[in-house]
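Single-structure report; data block below.
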Amino acid sequence: MGCEKQKCIGQVALTFDDGPAYTTTPQVLDILEEHGVVATFFLVGQCIEAITEDILMRQIHMGCELANHSFTHGHLNRMTREEICREVEQTSAAIRRVAGVEPRFFRPPYIALNDLMYDTIELPFIKGIMADDWLPEVSPKERVRRILDNVKDGTIILLHDTEGNEGTVTALPDILAGLKQKGYQLVTLSQLFKNKGVDPKQKNYIWTHVI
Ligand SMILES: [Zn+2]
């Protein structure tokens, strides 16, 4: 995956939140395809509809991983146990129905967390290093810098393929080139945990680096 063995200094997992988005996600996938790399997509269940179903199939076909980012993108830390369950189960069901795969990871919207969520959601919780790429005032160049300055072996990178997030589409080729230049191989989250020999199921824990 674009990294010769002797040059590799580590593996990282690129992840995208808030899709599937019917124009931005295909743009992200085009860039990933051009670079021959994979990513993990944390999907919002209510965005999985007829117009975006092909996107999920393309993600699977490219070797990308699909994960769970709730159904409504609400604050799950303000919900009851039943509501939390429904948020997670409805999204996993939509991914299973459309793509035929079982999501293995969960990322809380807004990284808003509480004990009830840890208690209720069985999937491992994932965070990652961020570039504030949901803020229009953070330039593409700045997004590239924040990621490349903070990445290390085992890092999970959190970006957004939210509809209209052109700043991240613009930044992505430079992020990928920078990671390659630093000698990092890009793998899916499942591959990252497997290759590191780390069990993602840790009680009351949210992952940013897999080491
Ligand atoms: Zn989100």
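Convention: chains lettered A, B, ... in structure tokens order; per-chain residue numbering from 1; ligands numbered from 1 as shown.
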
Just list as JSON, numbers by chain whatever in range 14-165 of chain A DSSP marks as alpha helix (DSSP H). {"A": [24, 25, 26, 27, 28, 29, 30, 31, 32, 33, 34, 35, 53, 54, 55, 56, 57, 58, 59, 60, 61, 81, 82, 83, 84, 85, 86, 87, 88, 89, 90, 91, 92, 93, 94, 95, 96, 97, 98, 99, 115, 116, 117, 118, 119, 120, 140, 141, 142, 143, 144, 145, 146, 147, 148, 149, 150]}

Contacts of range 90-183 of chain A with range 52-74 of chain A up to 10 Å, shortest pair per row, only C-alpha atoms, as a tab-separated table:
residue	atom	partner	partner_atom	distance
A:Gln90	CA	A:Phe71	CA	6.4
A:Thr91	CA	A:Phe71	CA	5.3
A:Ser92	CA	A:Asn68	CA	6.5
A:Ala94	CA	A:Phe71	CA	9.4
A:Ile95	CA	A:Leu66	CA	7.6
A:Arg96	CA	A:Leu66	CA	9.8
A:Arg97	CA	A:Glu53	CA	10.0
A:Val98	CA	A:Glu53	CA	6.5
A:Ala99	CA	A:Met57	CA	5.9
A:Gly100	CA	A:Met57	CA	9.2
A:Val101	CA	A:Leu66	CA	7.8
A:Glu102	CA	A:Leu66	CA	8.1
A:Pro103	CA	A:Ala67	CA	4.6
A:Arg104	CA	A:Ala67	CA	6.1
A:Phe105	CA	A:Ala67	CA	5.3
A:Phe106	CA	A:Asn68	CA	4.8
A:Arg107	CA	A:His69	CA	5.1
A:Pro108	CA	A:His69	CA	6.1
A:Pro109	CA	A:His73	CA	5.6
A:Tyr110	CA	A:His73	CA	8.4
A:Ala112	CA	A:Gly74	CA	9.4
A:Leu123	CA	A:Asn68	CA	8.8
A:Phe125	CA	A:Asn68	CA	9.8
A:Ile126	CA	A:His69	CA	9.9

List every residue of range 7-121 of chain A that DSSP, applied to the backbone, labels as strand (DSSP E), and write the result as a ChimeraX atom specification. /A:10-19,40-43,65-68

What's the 12 Å shell around Arg145 in chain A, counting only C-alpha atoms, without same-chain residues fewer than 2 positions away, as number ranges by chain? A: 130-133, 138-143, 147-151, 171-172, 174-176, 178-179

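Proximity to Tyr22 in chain A was assessed for A:Val88, A:Leu186, A:Ile129, A:Ile51 counting only C-alpha atoms; the smallest distance is recorded for A:Ile51.
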
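Using only C-alpha atoms, the smallest distance between any of A:Glu49, A:Gly154, A:His75, A:Tyr205 and Asp119 in chain A comes from A:Tyr205.
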
For CA of Val144 in chain A and CA of Thr168 in chain A, quote the distance in Å rounded to one decimal. 8.8 Å

Just the residues within 10 Å of Asn77 in chain A, please, counting only C-alpha atoms, with nothing from its chain fewer than 5 positions along; format it as a list in words. Ile84, Pro108, Pro109, Ile111, Ala112, Leu113, Asn114, Asp115, Leu116, Met117 and Tyr118 of chain A

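The residue that comes closest to Gln27 in chain A, out of A:Asn165, A:Leu192, A:Val198, A:Gly183 and on the basis of only C-alpha atoms, is A:Asn165.
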
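The shortest atom-to-atom distance to Arg81 in chain A, with only C-alpha atoms taken into account, belongs to A:Ile121 out of A:Ala50, A:Leu189, A:Leu158, A:Ile121.
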
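The spacing separating CA of Ile9 in chain A from CA of Thr155 in chain A amounts to 12.2 Å.
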
Between CA of His160 in chain A and CA of Asp18 in chain A, distance in Å (one decimal): 6.3 Å

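Proximity of A:Cys85, A:Leu76, A:Ala93, A:Val44 to ligand 1, computed with only C-alpha atoms and all ligand atoms, is greatest for A:Val44.
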
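Distance annotation: of A:Pro124, A:Gly36, A:Gly167, A:Gly45, the residue with the minimal separation from ligand 1 is A:Gly45; atom set is only C-alpha atoms and all ligand atoms.
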
Name all residues at most 10 Å from Gln191 in chain A (count only C-alpha atoms; drop same-chain ones fewer than 6 positions away) and give them as a list in words. Gln11, Val12, Ala13, Glu65 and Gly197 of chain A

Once you have the residues from the selection above, write them out as an mmCIF file, in the first residue's frame, restricted to N, CA, C and O atoms.
data_model
loop_
_atom_site.group_PDB
_atom_site.id
_atom_site.type_symbol
_atom_site.label_atom_id
_atom_site.label_comp_id
_atom_site.auth_asym_id
_atom_site.auth_seq_id
_atom_site.Cartn_x
_atom_site.Cartn_y
_atom_site.Cartn_z
ATOM 1 N N GLN A 11 2.559 2.190 11.063
ATOM 2 C CA GLN A 11 1.252 2.136 10.435
ATOM 3 C C GLN A 11 0.309 3.117 11.135
ATOM 4 O O GLN A 11 0.370 3.282 12.343
ATOM 5 N N VAL A 12 -0.550 3.719 10.345
ATOM 6 C CA VAL A 12 -1.560 4.619 10.893
ATOM 7 C C VAL A 12 -2.894 4.324 10.212
ATOM 8 O O VAL A 12 -2.934 3.745 9.126
ATOM 9 N N ALA A 13 -3.986 4.737 10.877
ATOM 10 C CA ALA A 13 -5.317 4.532 10.297
ATOM 11 C C ALA A 13 -5.974 5.885 10.067
ATOM 12 O O ALA A 13 -6.145 6.680 10.994
ATOM 13 N N GLU A 65 -12.955 0.234 5.437
ATOM 14 C CA GLU A 65 -13.760 -0.332 6.524
ATOM 15 C C GLU A 65 -14.895 0.631 6.875
ATOM 16 O O GLU A 65 -14.729 1.853 6.802
ATOM 17 N N GLY A 197 -1.243 -6.250 17.398
ATOM 18 C CA GLY A 197 -1.497 -7.285 18.413
ATOM 19 C C GLY A 197 -2.212 -6.723 19.632
ATOM 20 O O GLY A 197 -1.994 -7.179 20.758
#
